[in-house]
$ cat run.cif   # mmCIF, C-alpha atoms
data_structure
#
loop_
_atom_site.label_atom_id
_atom_site.label_comp_id
_atom_site.auth_asym_id
_atom_site.auth_seq_id
_atom_site.Cartn_x
_atom_site.Cartn_y
_atom_site.Cartn_z
CA MET A 1 60.63 30.39 12.62
CA SER A 2 60.67 33.33 10.23
CA PRO A 3 57.51 34.61 8.56
CA PRO A 4 57.49 34.68 4.77
CA VAL A 5 58.23 38.09 3.31
CA ALA A 6 55.35 39.48 1.28
CA PRO A 7 55.85 39.09 -2.47
CA PRO A 8 55.57 42.13 -4.76
CA GLY A 9 51.95 43.24 -5.08
CA TRP A 10 50.88 41.67 -1.77
CA SER A 11 47.94 43.58 -0.30
CA ARG A 12 48.58 44.94 3.16
CA TRP A 13 44.85 44.54 3.87
CA LEU A 14 45.40 40.79 4.23
CA VAL A 15 47.42 41.36 7.40
CA PRO A 16 44.60 42.71 9.66
CA PRO A 17 42.49 39.54 9.12
CA ALA A 18 45.51 37.47 10.22
CA ALA A 19 45.73 39.55 13.39
CA LEU A 20 41.97 39.35 13.91
CA SER A 21 41.98 35.55 13.81
CA VAL A 22 44.25 35.59 16.86
CA HIS A 23 42.61 38.45 18.74
CA LEU A 24 39.05 37.21 18.24
CA SER A 25 40.17 33.89 19.71
CA ILE A 26 42.01 35.14 22.78
CA GLY A 27 39.20 37.67 23.33
CA GLN A 28 37.27 34.71 24.75
CA ALA A 29 38.81 35.72 28.06
CA TYR A 30 36.12 38.38 28.48
CA ALA A 31 33.47 35.61 28.35
CA TRP A 32 34.87 33.68 31.32
CA SER A 33 31.89 34.70 33.46
CA VAL A 34 29.74 32.24 31.46
CA PHE A 35 31.64 29.38 33.12
CA LYS A 36 31.58 30.81 36.66
CA PRO A 37 28.10 29.64 37.80
CA PRO A 38 28.47 26.07 36.40
CA LEU A 39 31.91 25.71 37.99
CA GLU A 40 30.65 27.00 41.32
CA SER A 41 27.71 24.58 41.39
CA SER A 42 29.53 21.52 40.04
CA LEU A 43 32.79 21.88 41.96
CA GLY A 44 31.49 23.67 45.06
CA LEU A 45 33.51 26.84 44.52
CA SER A 46 33.01 30.33 45.87
CA GLY A 47 32.70 33.35 43.59
CA THR A 48 36.26 34.38 44.46
CA GLN A 49 37.60 30.92 43.61
CA SER A 50 35.77 30.74 40.29
CA ALA A 51 37.23 34.11 39.28
CA LEU A 52 40.81 32.95 39.91
CA PRO A 53 41.50 31.50 36.41
CA PHE A 54 40.46 34.79 34.78
CA GLN A 55 42.45 36.93 37.21
CA LEU A 56 45.57 34.80 36.82
CA GLY A 57 45.11 34.87 33.04
CA ILE A 58 45.12 38.68 33.00
CA VAL A 59 48.18 38.80 35.27
CA MET A 60 50.02 36.33 33.02
CA LEU A 61 48.94 38.35 29.98
CA GLY A 62 50.84 41.36 31.24
CA LEU A 63 53.84 39.40 32.50
CA SER A 64 54.28 37.26 29.39
CA ALA A 65 53.88 40.30 27.14
CA ALA A 66 56.50 42.16 29.17
CA PHE A 67 59.06 39.38 29.39
CA GLY A 68 58.39 37.92 25.94
CA GLY A 69 58.09 41.18 24.04
CA THR A 70 61.72 41.35 22.91
CA LEU A 71 61.63 37.69 21.88
CA VAL A 72 58.49 38.35 19.84
CA GLU A 73 60.31 41.18 18.07
CA ARG A 74 63.27 38.93 17.29
CA ARG A 75 61.38 35.82 16.19
CA GLY A 76 58.59 37.56 14.29
CA PRO A 77 54.78 37.44 14.18
CA ARG A 78 54.47 33.89 12.84
CA TRP A 79 56.52 32.48 15.72
CA ALA A 80 54.54 34.55 18.23
CA MET A 81 51.17 33.50 16.80
CA THR A 82 52.25 29.85 16.90
CA VAL A 83 53.28 30.10 20.55
CA ALA A 84 49.98 31.84 21.34
CA LEU A 85 48.04 29.09 19.54
CA ILE A 86 49.83 26.31 21.43
CA CYS A 87 49.53 27.93 24.85
CA PHE A 88 45.95 29.18 24.52
CA SER A 89 44.60 25.91 23.12
CA SER A 90 46.64 23.79 25.55
CA GLY A 91 45.21 25.85 28.39
CA PHE A 92 41.70 24.81 27.38
CA LEU A 93 42.74 21.16 27.02
CA LEU A 94 44.28 21.17 30.51
CA SER A 95 41.13 22.82 31.82
CA ALA A 96 39.03 20.11 30.16
CA LEU A 97 41.08 17.48 31.97
CA GLY A 98 40.68 19.39 35.23
CA ALA A 99 36.91 19.63 34.84
CA ALA A 100 36.58 15.97 33.85
CA THR A 101 38.56 14.82 36.91
CA GLU A 102 37.13 17.59 39.15
CA GLN A 103 40.62 18.88 39.89
CA TYR A 104 40.13 22.63 40.00
CA TRP A 105 43.84 23.36 40.29
CA LEU A 106 44.25 22.00 36.76
CA ILE A 107 41.71 24.55 35.48
CA VAL A 108 43.61 27.35 37.22
CA LEU A 109 46.90 26.06 35.82
CA GLY A 110 45.52 25.50 32.34
CA TYR A 111 43.29 28.51 31.71
CA GLY A 112 45.04 30.94 34.05
CA PHE A 113 48.75 30.16 33.74
CA VAL A 114 49.31 28.36 30.42
CA GLY A 115 46.41 30.05 28.63
CA GLY A 116 47.43 33.40 30.11
CA ILE A 117 50.83 33.12 28.46
CA GLY A 118 49.01 32.57 25.17
CA LEU A 119 46.93 35.67 25.87
CA GLY A 120 49.99 37.88 26.34
CA ILE A 121 52.05 36.59 23.42
CA GLY A 122 49.01 36.54 21.15
CA TYR A 123 47.98 40.05 22.12
CA ILE A 124 51.28 41.64 21.09
CA SER A 125 52.08 39.25 18.21
CA PRO A 126 50.75 41.42 15.33
CA VAL A 127 51.38 44.92 16.70
CA SER A 128 54.82 45.65 15.28
CA THR A 129 53.95 44.09 11.91
CA LEU A 130 50.74 46.08 11.56
CA ILE A 131 52.49 49.35 12.32
CA LYS A 132 55.13 48.58 9.68
CA TRP A 133 52.44 47.80 7.10
CA PHE A 134 50.40 50.91 7.97
CA PRO A 135 52.88 53.68 8.87
CA ASP A 136 50.37 56.23 7.56
CA ARG A 137 47.48 54.98 9.76
CA PRO A 138 48.93 53.10 12.74
CA GLY A 139 45.98 53.89 15.01
CA MET A 140 43.47 52.42 12.58
CA ALA A 141 45.63 49.34 11.89
CA THR A 142 46.18 48.37 15.51
CA GLY A 143 42.57 49.31 16.29
CA ILE A 144 41.28 46.74 13.78
CA ALA A 145 43.26 43.94 15.43
CA ILE A 146 42.74 44.93 19.05
CA MET A 147 39.04 45.41 18.29
CA GLY A 148 38.97 41.63 17.96
CA PHE A 149 40.06 41.17 21.56
CA GLY A 150 37.24 43.38 22.76
CA GLY A 151 34.70 41.68 20.50
CA GLY A 152 35.77 38.10 21.10
CA ALA A 153 33.30 37.77 23.96
CA LEU A 154 30.39 38.66 21.67
CA ILE A 155 31.09 35.39 19.86
CA ALA A 156 32.32 33.33 22.79
CA SER A 157 29.55 34.18 25.28
CA PRO A 158 26.54 32.82 23.34
CA TRP A 159 28.63 30.00 21.88
CA SER A 160 29.82 28.88 25.33
CA ALA A 161 26.33 29.21 26.81
CA GLN A 162 24.87 27.10 23.99
CA MET A 163 27.48 24.38 24.54
CA LEU A 164 26.78 24.26 28.27
CA GLU A 165 23.08 23.99 27.51
CA SER A 166 23.70 21.16 25.05
CA PHE A 167 26.42 19.27 26.96
CA GLY A 168 25.14 19.99 30.46
CA ALA A 169 26.38 22.29 33.21
CA ASP A 170 27.96 19.49 35.27
CA SER A 171 31.70 18.78 35.34
CA SER A 172 31.60 16.47 32.30
CA GLY A 173 29.64 19.04 30.26
CA ILE A 174 32.09 21.79 31.23
CA ALA A 175 34.99 19.50 30.27
CA LEU A 176 33.50 18.84 26.83
CA ALA A 177 32.90 22.58 26.30
CA PHE A 178 36.53 23.33 27.21
CA LEU A 179 37.70 20.61 24.81
CA VAL A 180 35.68 22.03 21.91
CA HIS A 181 37.00 25.52 22.67
CA GLY A 182 40.60 24.32 22.62
CA LEU A 183 40.30 22.52 19.29
CA ALA A 184 38.17 25.15 17.53
CA TYR A 185 40.38 28.06 18.55
CA ALA A 186 43.49 26.14 17.43
CA VAL A 187 42.05 25.83 13.92
CA PHE A 188 40.93 29.47 13.80
CA MET A 189 44.25 30.84 15.07
CA LEU A 190 46.10 28.68 12.56
CA LEU A 191 44.59 30.84 9.81
CA GLY A 192 46.50 33.82 11.19
CA VAL A 193 49.73 31.82 11.43
CA LEU A 194 49.48 30.84 7.76
CA LEU A 195 48.31 34.22 6.47
CA VAL A 196 50.65 36.67 8.21
CA ARG A 197 53.38 38.33 6.11
CA VAL A 198 55.99 40.98 6.84
CA PRO A 199 56.79 43.84 4.45
CA ARG A 200 59.88 43.73 2.31
CA ALA A 201 62.74 45.82 3.69
CA PRO A 202 64.18 48.55 1.47
CA ALA A 203 67.88 47.92 0.85
CA SER A 204 70.82 50.22 0.37
CA ALA A 205 73.37 49.89 -2.41
CA ALA A 206 75.38 47.59 -0.17
CA GLY A 207 72.40 45.30 0.21
CA ARG A 208 71.88 46.03 3.90
CA PRO A 209 68.55 47.11 5.44
CA VAL A 210 67.95 50.83 5.47
CA PRO A 211 67.32 52.06 9.05
CA SER A 212 63.83 53.38 9.70
CA ALA A 213 63.53 57.14 9.48
CA GLY A 214 62.68 59.30 12.46
CA VAL A 215 63.04 58.61 16.17
CA GLN A 216 64.01 55.02 16.99
CA VAL A 217 64.39 53.81 20.59
CA SER A 218 65.16 50.30 21.82
CA ALA A 219 62.95 48.60 24.39
CA ARG A 220 65.75 48.65 26.95
CA SER A 221 66.18 52.40 26.58
CA ALA A 222 62.44 53.10 26.42
CA VAL A 223 61.75 51.82 29.94
CA ARG A 224 64.35 54.29 31.22
CA THR A 225 62.49 57.29 29.87
CA PRO A 226 59.87 59.35 31.74
CA GLN A 227 57.65 59.13 28.64
CA PHE A 228 57.25 55.37 29.07
CA TRP A 229 56.24 55.65 32.72
CA CYS A 230 53.87 58.52 32.02
CA LEU A 231 52.16 56.32 29.44
CA TRP A 232 52.18 53.43 31.93
CA ILE A 233 50.25 55.59 34.39
CA VAL A 234 47.91 56.80 31.63
CA LEU A 235 47.03 53.25 30.54
CA CYS A 236 46.75 51.93 34.10
CA MET A 237 44.37 54.71 35.17
CA ASN A 238 42.22 54.41 32.03
CA VAL A 239 41.96 50.62 32.31
CA THR A 240 41.25 50.72 36.06
CA ALA A 241 38.35 53.10 35.47
CA GLY A 242 36.90 51.03 32.64
CA ILE A 243 37.31 47.59 34.13
CA GLY A 244 35.74 48.81 37.36
CA ILE A 245 32.42 49.09 35.52
CA LEU A 246 32.94 46.14 33.17
CA GLU A 247 33.59 43.58 35.91
CA LYS A 248 30.62 44.70 38.04
CA ALA A 249 28.26 45.82 35.28
CA ALA A 250 25.21 43.61 35.85
CA PRO A 251 24.97 43.95 39.66
CA MET A 252 25.84 47.66 39.46
CA ILE A 253 22.94 48.64 37.20
CA THR A 254 20.63 46.39 39.22
CA ASP A 255 21.67 48.03 42.50
CA PHE A 256 21.45 51.57 41.11
CA PHE A 257 17.75 51.18 40.29
CA ALA A 258 16.73 48.62 42.91
CA ASP A 259 14.93 51.23 45.02
CA THR A 260 13.14 52.93 42.11
CA SER A 261 9.72 52.30 40.60
CA ALA A 262 11.33 50.58 37.59
CA PRO A 263 13.98 48.11 38.80
CA VAL A 264 16.28 46.43 36.29
CA SER A 265 15.57 42.76 35.57
CA ALA A 266 18.27 40.11 35.20
CA THR A 267 17.57 39.94 31.47
CA ALA A 268 17.93 43.70 31.07
CA ALA A 269 21.15 43.62 33.11
CA ALA A 270 22.55 40.95 30.77
CA GLY A 271 21.60 43.13 27.82
CA PHE A 272 23.45 46.02 29.43
CA VAL A 273 26.58 43.86 29.66
CA ALA A 274 26.27 43.02 25.95
CA LEU A 275 25.96 46.74 25.11
CA LEU A 276 29.11 47.46 27.10
CA SER A 277 30.99 44.78 25.15
CA ALA A 278 29.82 46.33 21.90
CA ALA A 279 30.95 49.79 23.06
CA ASN A 280 34.30 48.35 24.11
CA MET A 281 34.77 46.84 20.64
CA ALA A 282 33.54 49.89 18.72
CA GLY A 283 35.78 52.21 20.73
CA ARG A 284 38.84 50.21 19.78
CA ILE A 285 38.47 50.89 16.08
CA GLY A 286 36.56 54.21 16.24
CA TRP A 287 38.64 56.17 18.72
CA SER A 288 41.99 54.73 17.58
CA SER A 289 41.17 55.74 13.99
CA ALA A 290 40.24 59.21 15.23
CA SER A 291 43.67 59.45 16.88
CA ASP A 292 45.26 59.34 13.40
CA LEU A 293 43.42 62.61 12.68
CA ILE A 294 43.64 64.56 15.95
CA GLY A 295 46.76 63.06 17.51
CA ARG A 296 47.44 60.57 20.27
CA LYS A 297 47.83 63.08 23.10
CA ASN A 298 44.56 64.80 22.23
CA ILE A 299 42.61 61.54 22.07
CA TYR A 300 43.86 60.54 25.52
CA ARG A 301 42.74 63.94 26.77
CA VAL A 302 39.28 62.89 25.61
CA TYR A 303 39.52 59.41 27.18
CA LEU A 304 40.61 60.72 30.56
CA GLY A 305 38.92 64.14 30.76
CA VAL A 306 35.54 63.20 29.32
CA GLY A 307 35.75 59.86 31.12
CA ALA A 308 36.02 61.66 34.46
CA LEU A 309 32.98 63.77 33.47
CA MET A 310 30.98 60.61 32.67
CA TYR A 311 31.82 59.14 36.06
CA ALA A 312 30.74 62.39 37.72
CA LEU A 313 27.38 62.23 35.89
CA ILE A 314 26.82 58.66 37.09
CA ALA A 315 27.74 59.61 40.66
CA LEU A 316 25.47 62.66 40.74
CA PHE A 317 22.50 61.71 38.55
CA GLY A 318 22.92 58.03 37.59
CA ASP A 319 20.18 56.66 39.85
CA ALA A 320 17.70 59.26 38.53
CA SER A 321 17.89 58.37 34.85
CA LYS A 322 18.49 54.99 33.24
CA PRO A 323 19.30 56.48 29.81
CA LEU A 324 21.91 58.75 31.40
CA PHE A 325 23.45 55.87 33.35
CA VAL A 326 23.61 53.59 30.30
CA LEU A 327 24.93 56.31 27.96
CA ALA A 328 27.66 57.39 30.38
CA ALA A 329 28.71 53.77 30.96
CA LEU A 330 28.84 53.11 27.21
CA VAL A 331 31.06 56.16 26.68
CA ILE A 332 33.39 55.06 29.49
CA LEU A 333 33.71 51.56 28.00
CA SER A 334 34.35 52.96 24.53
CA PHE A 335 37.22 54.97 26.04
CA TYR A 336 38.42 51.82 27.82
CA GLY A 337 38.66 49.98 24.50
CA GLY A 338 40.04 52.99 22.67
CA GLY A 339 42.83 53.38 25.21
CA PHE A 340 44.06 49.86 24.50
CA ALA A 341 43.95 50.29 20.73
CA THR A 342 45.62 53.70 20.68
CA ALA A 343 48.52 52.77 22.97
CA PRO A 344 50.66 51.02 20.30
CA ALA A 345 50.36 54.01 17.95
CA TYR A 346 51.24 56.39 20.81
CA LEU A 347 54.34 54.27 21.48
CA LYS A 348 55.23 54.34 17.79
CA ASP A 349 54.99 58.15 17.75
CA LEU A 350 57.31 58.44 20.75
CA PHE A 351 59.75 55.55 20.28
CA GLY A 352 59.54 54.64 16.59
CA THR A 353 58.98 51.20 15.06
CA TYR A 354 62.39 49.72 15.95
CA GLN A 355 61.18 47.59 18.90
CA VAL A 356 57.66 48.90 19.37
CA GLY A 357 56.23 45.41 19.95
CA ALA A 358 58.61 44.78 22.84
CA ILE A 359 57.91 48.23 24.31
CA HIS A 360 54.18 47.55 24.03
CA GLY A 361 54.65 44.27 25.87
CA ARG A 362 56.31 46.03 28.77
CA LEU A 363 53.57 48.66 28.83
CA LEU A 364 50.93 45.96 29.26
CA THR A 365 52.08 45.36 32.83
CA ALA A 366 49.85 48.39 33.47
CA TRP A 367 46.92 46.20 32.38
CA SER A 368 47.90 43.46 34.84
CA THR A 369 47.97 46.03 37.63
CA ALA A 370 44.65 47.57 36.60
CA GLY A 371 43.03 44.14 36.20
CA VAL A 372 43.54 43.59 39.92
CA LEU A 373 43.11 47.20 41.08
CA GLY A 374 39.82 48.07 39.33
CA PRO A 375 37.69 45.12 40.51
CA LEU A 376 39.29 45.31 43.96
CA ILE A 377 38.29 48.96 44.43
CA VAL A 378 34.69 48.48 43.32
CA ASN A 379 34.02 45.13 45.01
CA TRP A 380 35.82 45.80 48.29
CA ILE A 381 34.13 49.18 48.82
CA ALA A 382 30.70 47.78 47.83
CA ASP A 383 31.13 44.94 50.33
CA ARG A 384 32.12 47.34 53.11
CA GLN A 385 29.21 49.67 52.34
CA GLU A 386 26.78 46.75 52.38
CA GLU A 387 28.13 45.63 55.75
CA ALA A 388 27.50 49.18 56.99
CA GLY A 389 23.82 48.82 56.05
CA ARG A 390 23.83 50.84 52.84
CA HIS A 391 22.17 49.71 49.64
CA GLY A 392 21.35 50.78 46.10
CA SER A 393 23.53 53.40 44.42
CA SER A 394 25.14 54.34 47.74
CA LEU A 395 27.19 51.15 47.49
CA TYR A 396 29.21 52.72 44.68
CA GLY A 397 29.44 56.42 45.55
CA LEU A 398 32.97 56.25 47.00
CA SER A 399 34.18 53.98 44.19
CA LEU A 400 33.00 56.45 41.57
CA VAL A 401 34.81 59.32 43.29
CA ILE A 402 38.01 57.26 43.39
CA MET A 403 37.68 56.49 39.68
CA ILE A 404 37.33 60.20 38.92
CA GLY A 405 40.52 60.86 40.91
CA LEU A 406 42.40 58.13 39.04
CA LEU A 407 41.36 59.57 35.68
CA VAL A 408 42.55 63.01 36.77
CA VAL A 409 45.93 61.47 37.67
CA GLY A 410 46.05 59.86 34.23
CA PHE A 411 45.14 63.17 32.57
CA ALA A 412 48.03 64.90 34.38
CA ALA A 413 50.46 62.12 33.35
CA ASN A 414 49.41 62.50 29.71
CA GLU A 415 50.10 66.24 29.86
CA LEU A 416 53.66 65.49 31.00
CA VAL A 417 54.47 63.45 27.86
CA ARG A 418 57.14 65.15 25.75
CA PRO A 419 59.32 63.98 22.82
CA VAL A 420 62.02 61.51 23.82
CA HIS A 421 65.45 63.04 24.43
CA PRO A 422 67.95 62.29 21.62
CA ARG A 423 70.30 60.54 24.05
CA HIS A 424 67.87 57.58 24.07
CA HIS A 425 67.75 57.28 20.27
CA VAL A 426 69.24 54.28 18.50
CA THR A 427 72.22 55.42 16.44
CA ALA A 428 74.15 52.27 15.59
CA PRO A 429 72.46 48.98 16.55
CA ASP A 430 74.81 46.08 17.14
CA PRO A 431 75.00 43.41 14.40
CA GLU A 432 72.70 40.97 16.22
CA GLU A 433 70.01 43.60 16.75
CA SER A 434 70.34 44.73 13.13
CA ALA A 435 69.84 41.16 11.95
CA ASP A 436 66.77 40.80 14.18
CA VAL A 437 65.23 43.98 12.80
CA ALA A 438 66.04 42.93 9.25
CA ARG A 439 64.18 39.66 9.74
CA GLN A 440 61.15 41.59 11.01
CA GLN A 441 61.11 43.90 8.01
#

$ encode --input "run.cif" --output "structure tokens"
Amino acid sequence: MSPPVAPPGWSRWLVPPAALSVHLSIGQAYAWSVFKPPLESSLGLSGTQSALPFQLGIVMLGLSAAFGGTLVERRGPRWAMTVALICFSSGFLLSALGAATEQYWLIVLGYGFVGGIGLGIGYISPVSTLIKWFPDRPGMATGIAIMGFGGGALIASPWSAQMLESFGADSSGIALAFLVHGLAYAVFMLLGVLLVRVPRAPASAAGRPVPSAGVQVSARSAVRTPQFWCLWIVLCMNVTAGIGILEKAAPMITDFFADTSAPVSATAAAGFVALLSAANMAGRIGWSSASDLIGRKNIYRVYLGVGALMYALIALFGDASKPLFVLAALVILSFYGGGFATAPAYLKDLFGTYQVGAIHGRLLTAWSTAGVLGPLIVNWIADRQEEAGRHGSSLYGLSLVIMIGLLVVGFAANELVRPVHPRHHVTAPDPEESADVARQQ
């Protein structure tokens, strides 16, 4: 399946909405917590069990993006968006069947495994195309699309909660909610499939595609460079630090101020979670656009260096001031979102546009690692501290110190990034690779 080439006069500003239709849909993953309490009560699950579909989905996101990245580059954005639509929607339909029959393994298989493949392929589906349409502002272009993934929960959370209230929070109500999700997201993602276009390729006198100017590195060569693995560490450390707060946000702010004269209510904690989601979304477009002005390496210095400072402020003074705690957390989550959105542009700067989508897919294995590592650090340490008789902000002191250390490691890795050695550059792609690139352009 090849996407139609844009006709003369086609506006490149029609491509970001196509990407947004996919990313806003798969961004529902961040709203999974809405389904956790109903699943636990209706199917008799523990908190760990009810989190399994989300965790598996994030793992499959990274794996499918890594292993399918080259295929996405070869087949094009329309093929990738179609695969994402089928997998993501089918995952909800399988989950609906699992809820209706009270077979939890079907929910794990559907939402976690099948839907997770849709997450990964959908996440990387527009990246290469957007960078080719916006070579002058790649950070802004990818930020617009990836902003949708961060903001998808702002739509999905109240929508899902309203459906559960209307249909009921028992297994049949959950099944109906999953069914509606699967069908509605299929229609919405179809808009992106139909709208996406690729730019026309400039041709030489012989009628063959003109190779892209500047550094061009294949995905196979990129993973053999120290630059790729430095960026892998940078993304993993930044995501681990951000997701550590995001996953534990409501109980964390409640615990921090539980022993004060003004404890945080459940409603206020939920509002705090919504603010974090907004900061996550805003950071994706704001910070990635700023990277076009100050450079990718400099913006990651901000993410990692200032992020470590924000964690230090929370550790030292967070339980003394709610505004300070909230502000520092919002900044950290904006860096979390910005790190995701800036990564494709950073890869483009280092490796060129030749197979940047495939390289990005491989880089996202850092997200899979961080998706397990961040919550594990915060939750495991909090559980151990509680068993030791501690409470309040002391549950998180060690976790915060670890997060600071991880961000320092990421900062050091970013400083080690240098231009890619010419021996890794693409000089004469083989005919099959040239044909693949031509189809993408």

$ atom_distance --input "run.cif" --atom1 "atom CA of A:Met281" --atom2 "atom CA of A:Phe149"
7.8 Å

$ residues_around --input "run.cif" --residues "A:Phe411" --least-positions-apart "6" --cutoff "9 Å" --atoms "all atoms listed in the file" --output "PyMOL selection string"
chain A and resi 234+237+300-301+303-305

$ atom_distance --input "run.cif" --atom1 "atom CA of A:Phe113" --atom2 "atom CA of A:Gly150"
20.7 Å

$ closest_residue --input "run.cif" --among "A:Trp13, A:Phe335, A:Phe67, A:Tyr123" --to "A:Ala80" --atoms "all atoms listed in the file"
A:Tyr123

$ closest_residue --input "run.cif" --among "A:Ile402, A:Ala177, A:Leu330, A:Ala358" --to "A:Glu73" --atoms "only C-alpha atoms"
A:Ala358

$ atom_distance --input "run.cif" --atom1 "atom CA of A:His424" --atom2 "atom CA of A:Asn298"
24.5 Å

$ closest_residue --input "run.cif" --among "A:Ile121, A:Leu231, A:Ala153, A:Ala51" --to "A:Arg418" --atoms "all atoms listed in the file"
A:Leu231

$ resolve_selection --input "run.cif" --expression "the PyMOL selection byres ((chain A and resi 85) around 9)" --output "list in words"
Val22, Ala80, Met81, Thr82, Val83, Ala84, Ile86, Cys87, Phe88, Ser89, Ser90, Gly118, Gly122, Tyr185, Ala186, Val187, Met189, Leu190 and Val193 of chain A

$ residues_around --input "run.cif" --residues "A:Ala268" --least-positions-apart "6" --cutoff "12 Å" --atoms "all atoms listed in the file" --output "MDAnalysis selection string"
chainID A and resid 249:251 253:254 257 262 274:275 322 326

$ closest_residue --input "run.cif" --among "A:Pro419, A:Pro226, A:Gly139, A:Pro375" --to "A:Ile285" --atoms "only C-alpha atoms"
A:Gly139

$ residues_around --input "run.cif" --residues "A:Val215" --least-positions-apart "4" --cutoff "8 Å" --atoms "only C-alpha atoms" --output "MDAnalysis selection string"
chainID A and resid 350:352 425:426

$ write_last_selection --input "run.cif" --atoms "C-alpha atoms" --output "CSV table (one decimal), keeping the file's coordinate frame"
chain,number,residue,atom,x,y,z
A,350,LEU,CA,57.3,58.4,20.8
A,351,PHE,CA,59.8,55.6,20.3
A,352,GLY,CA,59.5,54.6,16.6
A,425,HIS,CA,67.8,57.3,20.3
A,426,VAL,CA,69.2,54.3,18.5

$ resolve_selection --input "run.cif" --expression "the PyMOL selection byres ((chain A and resi 56) around 9)" --output "list in words"
Ala51, Leu52, Pro53, Phe54, Gln55, Gly57, Ile58, Val59, Met60, Leu61, Val108, Leu109, Tyr111, Gly112, Phe113 and Gly116 of chain A

$ residues_around --input "run.cif" --residues "A:Val409" --least-positions-apart "4" --cutoff "10 Å" --atoms "all atoms listed in the file" --output "list in words"
Ile233, Val234, Met237, Asn238, Leu304, Met403, Ile404, Gly405, Ala413 and Asn414 of chain A

$ axis_aligned_box --input "run.cif" --around "stretch 220-225 of chain A" --padding-each-side "4 Å" --output "JSON"
{"center_x": 64.0, "center_y": 53.0, "center_z": 28.8, "size_x": 12.4, "size_y": 16.6, "size_z": 12.8}

$ residues_around --input "run.cif" --residues "A:Leu94" --least-positions-apart "6" --cutoff "10 Å" --atoms "all atoms listed in the file" --output "compact mmCIF listing (two decimals) with C-alpha atoms, in the coordinates of the input"
# COMPACT_ATOMS: atom_id res chain seq x y z
CA ALA A 100 36.58 15.97 33.85
CA LEU A 106 44.25 22.00 36.76
CA ILE A 107 41.71 24.55 35.48
CA VAL A 108 43.61 27.35 37.22
CA LEU A 109 46.90 26.06 35.82
CA GLY A 110 45.52 25.50 32.34
CA TYR A 111 43.29 28.51 31.71
CA VAL A 114 49.31 28.36 30.42
CA GLY A 115 46.41 30.05 28.63
CA ALA A 175 34.99 19.50 30.27
CA PHE A 178 36.53 23.33 27.21
CA LEU A 179 37.70 20.61 24.81
CA GLY A 182 40.60 24.32 22.62

$ resolve_selection --input "run.cif" --expression "the PyMOL selection byres ((chain A and resi 217) around 10)" --output "mmCIF file with C-alpha atoms, in the frame of the given file"
data_model
loop_
_atom_site.group_PDB
_atom_site.id
_atom_site.type_symbol
_atom_site.label_atom_id
_atom_site.label_comp_id
_atom_site.auth_asym_id
_atom_site.auth_seq_id
_atom_site.Cartn_x
_atom_site.Cartn_y
_atom_site.Cartn_z
ATOM 1 C CA GLY A 214 62.680 59.300 12.460
ATOM 2 C CA VAL A 215 63.040 58.610 16.170
ATOM 3 C CA GLN A 216 64.010 55.020 16.990
ATOM 4 C CA SER A 218 65.160 50.300 21.820
ATOM 5 C CA ALA A 219 62.950 48.600 24.390
ATOM 6 C CA ARG A 220 65.750 48.650 26.950
ATOM 7 C CA SER A 221 66.180 52.400 26.580
ATOM 8 C CA ALA A 222 62.440 53.100 26.420
ATOM 9 C CA VAL A 223 61.750 51.820 29.940
ATOM 10 C CA LYS A 348 55.230 54.340 17.790
ATOM 11 C CA LEU A 350 57.310 58.440 20.750
ATOM 12 C CA PHE A 351 59.750 55.550 20.280
ATOM 13 C CA GLY A 352 59.540 54.640 16.590
ATOM 14 C CA THR A 353 58.980 51.200 15.060
ATOM 15 C CA TYR A 354 62.390 49.720 15.950
ATOM 16 C CA GLN A 355 61.180 47.590 18.900
ATOM 17 C CA VAL A 356 57.660 48.900 19.370
ATOM 18 C CA ILE A 359 57.910 48.230 24.310
ATOM 19 C CA VAL A 420 62.020 61.510 23.820
ATOM 20 C CA PRO A 422 67.950 62.290 21.620
ATOM 21 C CA ARG A 423 70.300 60.540 24.050
ATOM 22 C CA HIS A 424 67.870 57.580 24.070
ATOM 23 C CA HIS A 425 67.750 57.280 20.270
ATOM 24 C CA VAL A 426 69.240 54.280 18.500
ATOM 25 C CA THR A 427 72.220 55.420 16.440
#

$ closest_residue --input "run.cif" --among "A:Ser46, A:Ala184, A:Gly389, A:Ser64" --to "A:Phe92" --atoms "all atoms listed in the file"
A:Ala184

$ closest_residue --input "run.cif" --among "A:Leu164, A:Ile381, A:Thr70, A:Thr342" --to "A:Pro38" --atoms "all atoms listed in the file"
A:Leu164

$ residues_near_point --input "run.cif" --point "(30.4, 28.5, 26.4)" --cutoff "9 Å" --atoms "all atoms listed in the file" --output "ChimeraX atom specification"
/A:31-32,34-35,156-165,174,177-178,181

$ decode --input "run.cif" --residues "stretch 157-170 of chain A" --atoms "C-alpha atoms" --output "PDB file, in the first residue's frame"
ATOM      1  CA  SER A 157     -10.341   9.975  30.566  1.00  0.00           C
ATOM      2  CA  PRO A 158     -13.627  11.909  30.908  1.00  0.00           C
ATOM      3  CA  TRP A 159     -15.115  10.096  27.919  1.00  0.00           C
ATOM      4  CA  SER A 160     -14.321   6.667  29.387  1.00  0.00           C
ATOM      5  CA  ALA A 161     -15.532   7.695  32.841  1.00  0.00           C
ATOM      6  CA  GLN A 162     -18.822   8.946  31.372  1.00  0.00           C
ATOM      7  CA  MET A 163     -19.352   5.680  29.502  1.00  0.00           C
ATOM      8  CA  LEU A 164     -18.722   3.612  32.624  1.00  0.00           C
ATOM      9  CA  GLU A 165     -21.186   5.793  34.498  1.00  0.00           C
ATOM     10  CA  SER A 166     -23.793   5.349  31.759  1.00  0.00           C
ATOM     11  CA  PHE A 167     -23.209   1.657  30.951  1.00  0.00           C
ATOM     12  CA  GLY A 168     -22.308   0.536  34.468  1.00  0.00           C
ATOM     13  CA  ALA A 169     -19.013  -0.458  36.063  1.00  0.00           C
ATOM     14  CA  ASP A 170     -19.719  -4.202  35.948  1.00  0.00           C
TER      15      ASP A 170
END
